[in-house]
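Undergrad: Please find one structure pasted underneath; my questions will follow.
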Amino acid sequence: MEPKYHPHAIEEKWQKIWEEEDLFRVMEDPSKKKFYLLEMFPYPSGRIHMGHVRNYSIGDVVARFLRMNGYNVLHPMGWDAFGMPAENAAIKAKIHPAKWTYDNIAYMKTQLKRLGFSYDWSREFATCDPEYYKWEQLFFIKMFEKGLVYRKKAYVNWCEHCQTVLANEQVEGGACWRCERPVVQKEMEQWFFKITDYVEELLDYTYKLDGWPEKVLVMQRNWIGKSHGSEIDFPVDGLDEKVTVFTTRADTLFGATFMSLAPEHPLVPILCRGTEQEQKVLDFVEEAKRLKRSDRMEEILEKEGIFTGRYCINPVTGDKMPIFVANFVLMEYGTGAVMAVPAHDQRDFEFARKYDLPVKVVVRPADSDHIPDPSELTEAFEEEGILVNSGQFDGLTSKEAKKAITEHLAERGMARFKVQYRLRDWGISRQRYWGAPIPVVYCDNCGTVPVPEKDLPVVLPLDLELLPNGGSPLPVSESFYKTNCPKCGKPARRETDTMDTFVESSWYFIRFACADENTRPFDPDRVNYWLPVDQYIGGIEHAVLHLLYSRFFVKALRDMGYISFDEPFTRLLTQGMVIKDGAKMSKSKGNVVDPDDMVQAYGADTVRLFCLFAAPPEKDLEWSDQGIEGAYRFLGRVWRFVAENIDNLRNAATYSGKISELKGPLADLFRKTHQTIKKVTEDIKERYHFNTAIAATMELVNMLYQTRDRADEKDESFWPVMRHAVENLILLLSPMVPHITEELWHQLGNSGRLFNMPWPSYDEEAVKVEDLLIVVQVNGKVRDKMTVPADTPDSELEKLALERDRIKQFTEGKTIRKVVVVPKKLVNVVVG
RNA sequence: GCCUGGGUGGCGGAAUAGGCAGACGCAAGGGACUUAAAAUCCCUUGGGGCUUCGUCCCCGUGCGGGUUCGAUUCCCGCCCCAGGCACCA
């Protein structure tokens, strides 16, 4: 056996053997408990990065661990293969997106294989394959029939740089999530998935998904943004129109002194028509729309407004309220109109001061009788309280008044209770080439016609020349868009937009259950066996994107009868980022660590080990060049221990006796071995804390070296106990570092694959400590420690503690007020 | 502003149920081996103190209070950092 650890030879050797044996292939087996373990599949950008290595290392430990614990584990991998970088590369390097994508996939697959992950590659697919996206087009058609997908003209987020529309979830702080450039509003005809149909169920389940991090659930709840309130109608003075507002503060209605409308509000042109304000208002609206369309990501615009020349009537006071158009009112939320209550809303307050509008106090704090005069207010009182200046509603609490005032108006048909959400429908049209075509045809006679099922897939043509300006070639490609109407047969035009790539990733995890099924999207038997995903692992950045879309898609597919579960991912682990020098790795910062370089320098096992050891999975991981050296050194230490003692270990039979038959250092090592099995098992199974699991195996290795030097080698149990410790060490480390452990296992003369070995179990007797170290405190300070037999009764502990000389020193001349005994741990003597 | 996390040695981190703070690793220092270096192995390592160098004493988990025999852990108030949302009516 090589005295030195040479990772490359053994890693490549075992990877080859595993592949030849098809070791990681899994089949449905109803006699076994299944476990579906999934890591977020990568976009084939060219090379994997350290974030992938970390994500997939975590997943591989869990997969191998569960496998060894008797589960039938589905652990697949594939490619999220549609997307813009392929198009950009195509324009820049003149390579077709398809070739670029498939070349990248081929390379990245070798990288993943080189890392030794236990994927069942027979289930692999790329989402840009028509055999994949044809089912997505089928779902689109079915959703169209069900009214779950629809087309409408709307203001949408447009990224000029990416030349496409973005969903609300894909705009971060006013900027494109991909290129980080400002997003503008553009009015376009777009396809939308009706995610809002499922808003209540999506929200409900955020309280039931107890295997998800609370952080992600909170983010989703905030994104959904449910609020309870009222809709109230305000008649327009002198016109047969009304302005309807949504408010969560109906209790402040008596304080509403003016009205604010969004610039896009449809009533605006009607209201100002014929007034002397008309031109000024229309100019203001144009200017506001223009500003909205331009770069407004950084600071919030100065609050500005303009009087429309019209008034509406406050339905409870009968007062005339001037109607303004205000640049801060959003057409997309509520009704696009806000009743302004300057005394109780800071924004309205500032607006009222600026335009010299009346302020009326109608709520006072519950803990004060003082009703401030509007002139003395310096800011709005936004909290709830007790109503004043509100006629018959005076004295009610805000909560009571919201109900009472809404009901009062509801009797006259002027108000109703209303639940409002922030979540809006998911816009999925993308003006891009490298995506799944939306299977729709536009016919002058028949209108919008879905492509019939039998004509699917609508294949994305690969023989197109890309346009140099980055625009999609589909709208100018006759061979693609020219078609005949499926209904009337007359010439018609295909939809040339493609689907958001988040659509592909919203259902790929189901397809892994039956990737070879070619007559229907899913094979119910296999899907019912494997799904839902038991454990999903990926980055937090998808908290409200992919993870919300997938939840919606599963519910939609369920209601269309394709599947029969409610939620895609039972448990979710969001791992932290890999950072270097305190910042996310990026080319511009020059702090990128390439996995290939690391594998080359240290081997896959070391890279995996470091990723697992440096931090618990949910925290960010700071890459450290010294840290990875340490990981390498540890594996060298493991290797060397076996290599240096290989003959003795090989010739020994693994110790199978009881701990009571051992003594001294050998008993200690045997106990430590069992304690390590317990610790590693619990850390992996219950906590996914691989860092502490690895720390425990390090302790065992340290003890192996110590025991070799300190125990009596002539003891006939010496090598059997050593072998017992070494074999268990190998088994415990195998999910994390599968190659070195496989090699050592075979060097010891064992056969079979660790992947198929049962996970070691520990002996309760052997874990128990014979002697306990009891801490003795005086007034809560540690003053002494004593070693006692484990079965010493509590009363005896107290007696022993009080007899200690050290303790007597501290208690002498003082009264013992109390003695606290914590079984097996500590005695605290309280003196005064 | 609001909502979530988090703040522990020189560094990454540990302490799982209120009971020895700092496991394990890195870095640093010392020693062994060596002609020498590398590699390896062993030891020390939170800060401070000393007529006694100890099974010694004091301080110490962002800050200030509280509960408790005992608080990194629970409660109240504050500061700072990270992430998310942000004109949402």
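Ligands are numbered from 1 in the order shown, chains are lettered A, B, ... in the order of the structure tokens, and residues start at 1 in each chain.
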Quick one: contact table of stretch 479-581 of chain A to stretch 22-36 of chain A, 8 Å max, nearest atom pair and distance in Å to one decimal per residue, counting only C-alpha atoms, chain and number order, as JSON lines?
TA:
{"residue": "A:Arg526", "atom": "CA", "partner": "A:Glu28", "partner_atom": "CA", "distance": 6.9}
{"residue": "A:Tyr529", "atom": "CA", "partner": "A:Glu28", "partner_atom": "CA", "distance": 7.1}
{"residue": "A:Trp530", "atom": "CA", "partner": "A:Tyr36", "partner_atom": "CA", "distance": 6.1}
{"residue": "A:Leu531", "atom": "CA", "partner": "A:Tyr36", "partner_atom": "CA", "distance": 7.0}
{"residue": "A:Pro532", "atom": "CA", "partner": "A:Tyr36", "partner_atom": "CA", "distance": 7.4}
{"residue": "A:Val533", "atom": "CA", "partner": "A:Tyr36", "partner_atom": "CA", "distance": 5.0}
{"residue": "A:Asp534", "atom": "CA", "partner": "A:Tyr36", "partner_atom": "CA", "distance": 5.1}
{"residue": "A:Gln535", "atom": "CA", "partner": "A:Tyr36", "partner_atom": "CA", "distance": 6.6}
Undergrad: List as a PyMOL selection string the protein and nucleic acid residues near stretch 93-99 of chain A, meaning an atom at most 10 Å away when only C-alpha atoms (C1' of nucleotides) are counted, but skip any in the same chain fewer than 2 places from it.
TA: chain A and resi 81-91+101-105+128-129+433-434+462-466+468
Undergrad: From the DSSP assignment of the backbone, select every residue of stretch 257-503 of chain A that is strand (DSSP E), and format the answer as a count of residues only.
TA: 55
Undergrad: Based on DSSP run over this structure's backbone, return all residues of stretch 551-719 of chain A in alpha helix (DSSP H), as number ranges by chain.
TA: A: 551-559, 595-602, 604-613, 625-644, 646-651, 664-682, 690-710, 718-719
Undergrad: What gap, in Å, lies between atom CA of A:Ala604 and atom CA of A:Trp639?
TA: 15.1 Å
Undergrad: With a cut-off of 6 Å and counting only C-alpha atoms (C1' of nucleotides), select all residues of chain A in contact with chain B and give the selection as a list in words.
TA: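 Result, ordered by chain then number: Lys215, Thr247, Phe328, Val338, Gly627, Ala695, Gly780 and Val830 of chain A.
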Undergrad: Might you pull out every residue within 12 Å of A:Asn484, with only C-alpha atoms (C1' of nucleotides) counted and same-chain residues fewer than 5 positions away left off, and present them as a list in words?
TA: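 The residues that qualify are Val440, Val441, Tyr442, Cys443, Asp444, Asn445, Cys446, Val449, Val451, Asp455, Ser479, Gly489, Lys490, Pro491, Ala492, Arg493 and Arg494 of chain A.
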Undergrad: Which residues come within 12 Å of stretch 175-185 of chain A, counting only C-alpha atoms (C1' of nucleotides), excluding same-chain residues fewer than 2 positions away, as a PyMOL selection string?
TA: chain A and resi 83-85+88+154-173+187-188+264+288-298+332+541-542+545
Undergrad: Which residue gives the smallest distance to A:Arg347 among A:Val361, A:Ala380, A:Ile386, A:Val53, with only C-alpha atoms counted?
TA: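 Residue with the minimum atom-to-atom distance to A:Arg347: A:Ala380.
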Undergrad: Show me, as a ChimeraX atom specification, the residues that have an atom within 12 Å of B:C57 when counting only C-alpha atoms (C1' of nucleotides), minus same-chain residues fewer than 5 positions from it.
TA: /A:783 /B:48-50,52
Undergrad: Work out how far atom CA of A:Asn69 is from atom CA of A:Leu754, in Å to one decimal.
TA: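 Separating atom CA of A:Leu754 from atom CA of A:Asn69 is a distance of 11.7 Å.
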Undergrad: Need to verify the contact set: A:Ile17, 12 Å, only C-alpha atoms (C1' of nucleotides), exclusion of same-chain residues closer than 5 positions in sequence. Can you return it as a short mmCIF file (atom, residue, chain, number, x, y, z; two decimals) with N, CA, C and O atoms, in the first residue's frame?
TA:
data_model
loop_
_atom_site.label_atom_id
_atom_site.label_comp_id
_atom_site.auth_asym_id
_atom_site.auth_seq_id
_atom_site.Cartn_x
_atom_site.Cartn_y
_atom_site.Cartn_z
N ILE A 10 -6.65 7.26 -6.96
CA ILE A 10 -7.74 6.48 -6.37
C ILE A 10 -9.11 7.05 -6.73
O ILE A 10 -10.07 6.31 -6.95
N GLU A 11 -9.21 8.37 -6.85
CA GLU A 11 -10.52 8.94 -7.18
C GLU A 11 -10.96 8.53 -8.58
O GLU A 11 -12.10 8.11 -8.79
N GLU A 12 -10.02 8.64 -9.51
CA GLU A 12 -10.39 8.29 -10.89
C GLU A 12 -10.66 6.80 -11.02
O GLU A 12 -11.56 6.37 -11.74
N ASP A 22 -22.66 0.86 -12.72
CA ASP A 22 -23.94 1.56 -12.69
C ASP A 22 -24.47 1.61 -11.26
O ASP A 22 -25.65 1.40 -10.99
N LEU A 23 -23.54 1.90 -10.36
CA LEU A 23 -23.81 1.78 -8.93
C LEU A 23 -24.95 2.67 -8.44
O LEU A 23 -25.71 2.31 -7.54
N PHE A 24 -25.08 3.84 -9.05
CA PHE A 24 -26.02 4.82 -8.50
C PHE A 24 -27.41 4.78 -9.16
O PHE A 24 -28.25 5.63 -8.90
N GLY A 116 -17.40 12.99 -7.92
CA GLY A 116 -17.86 11.74 -7.32
C GLY A 116 -19.26 11.77 -6.74
O GLY A 116 -19.57 11.01 -5.82
N HIS A 739 -14.23 8.54 -2.01
CA HIS A 739 -13.16 7.84 -2.75
C HIS A 739 -12.11 7.25 -1.82
O HIS A 739 -11.80 6.07 -1.89
N GLU A 742 -13.47 4.38 0.14
CA GLU A 742 -13.65 3.16 -0.66
C GLU A 742 -12.32 2.43 -0.82
O GLU A 742 -12.20 1.21 -0.66
N GLU A 743 -11.27 3.20 -1.11
CA GLU A 743 -9.95 2.62 -1.30
C GLU A 743 -9.46 1.97 0.01
O GLU A 743 -8.98 0.82 0.01
N GLY A 752 -17.19 -5.38 -1.61
CA GLY A 752 -18.44 -4.63 -1.72
C GLY A 752 -18.17 -3.13 -1.79
O GLY A 752 -17.03 -2.69 -1.76
N ARG A 753 -19.28 -2.38 -1.97
CA ARG A 753 -19.17 -0.93 -2.08
C ARG A 753 -19.73 -0.28 -0.83
O ARG A 753 -20.82 -0.66 -0.36
#
Undergrad: So that I can check the surroundings of B:A21, please list as a PyMOL selection string every protein, DNA and RNA residue that reaches within 9 Å of it, counting only C-alpha atoms (C1' of nucleotides) and ignoring chain neighbours fewer than 4 positions away.
TA: chain B and resi 8+15+61+72
Undergrad: Atom CA of A:Phe613 and atom CA of A:Ile677, how far apart in Å?
TA: 17.4 Å
Undergrad: Smallest atom-to-atom distance to A:Val62: which of A:Val388, A:Met499, A:Leu74, A:Val363, using only C-alpha atoms?
TA: A:Leu74
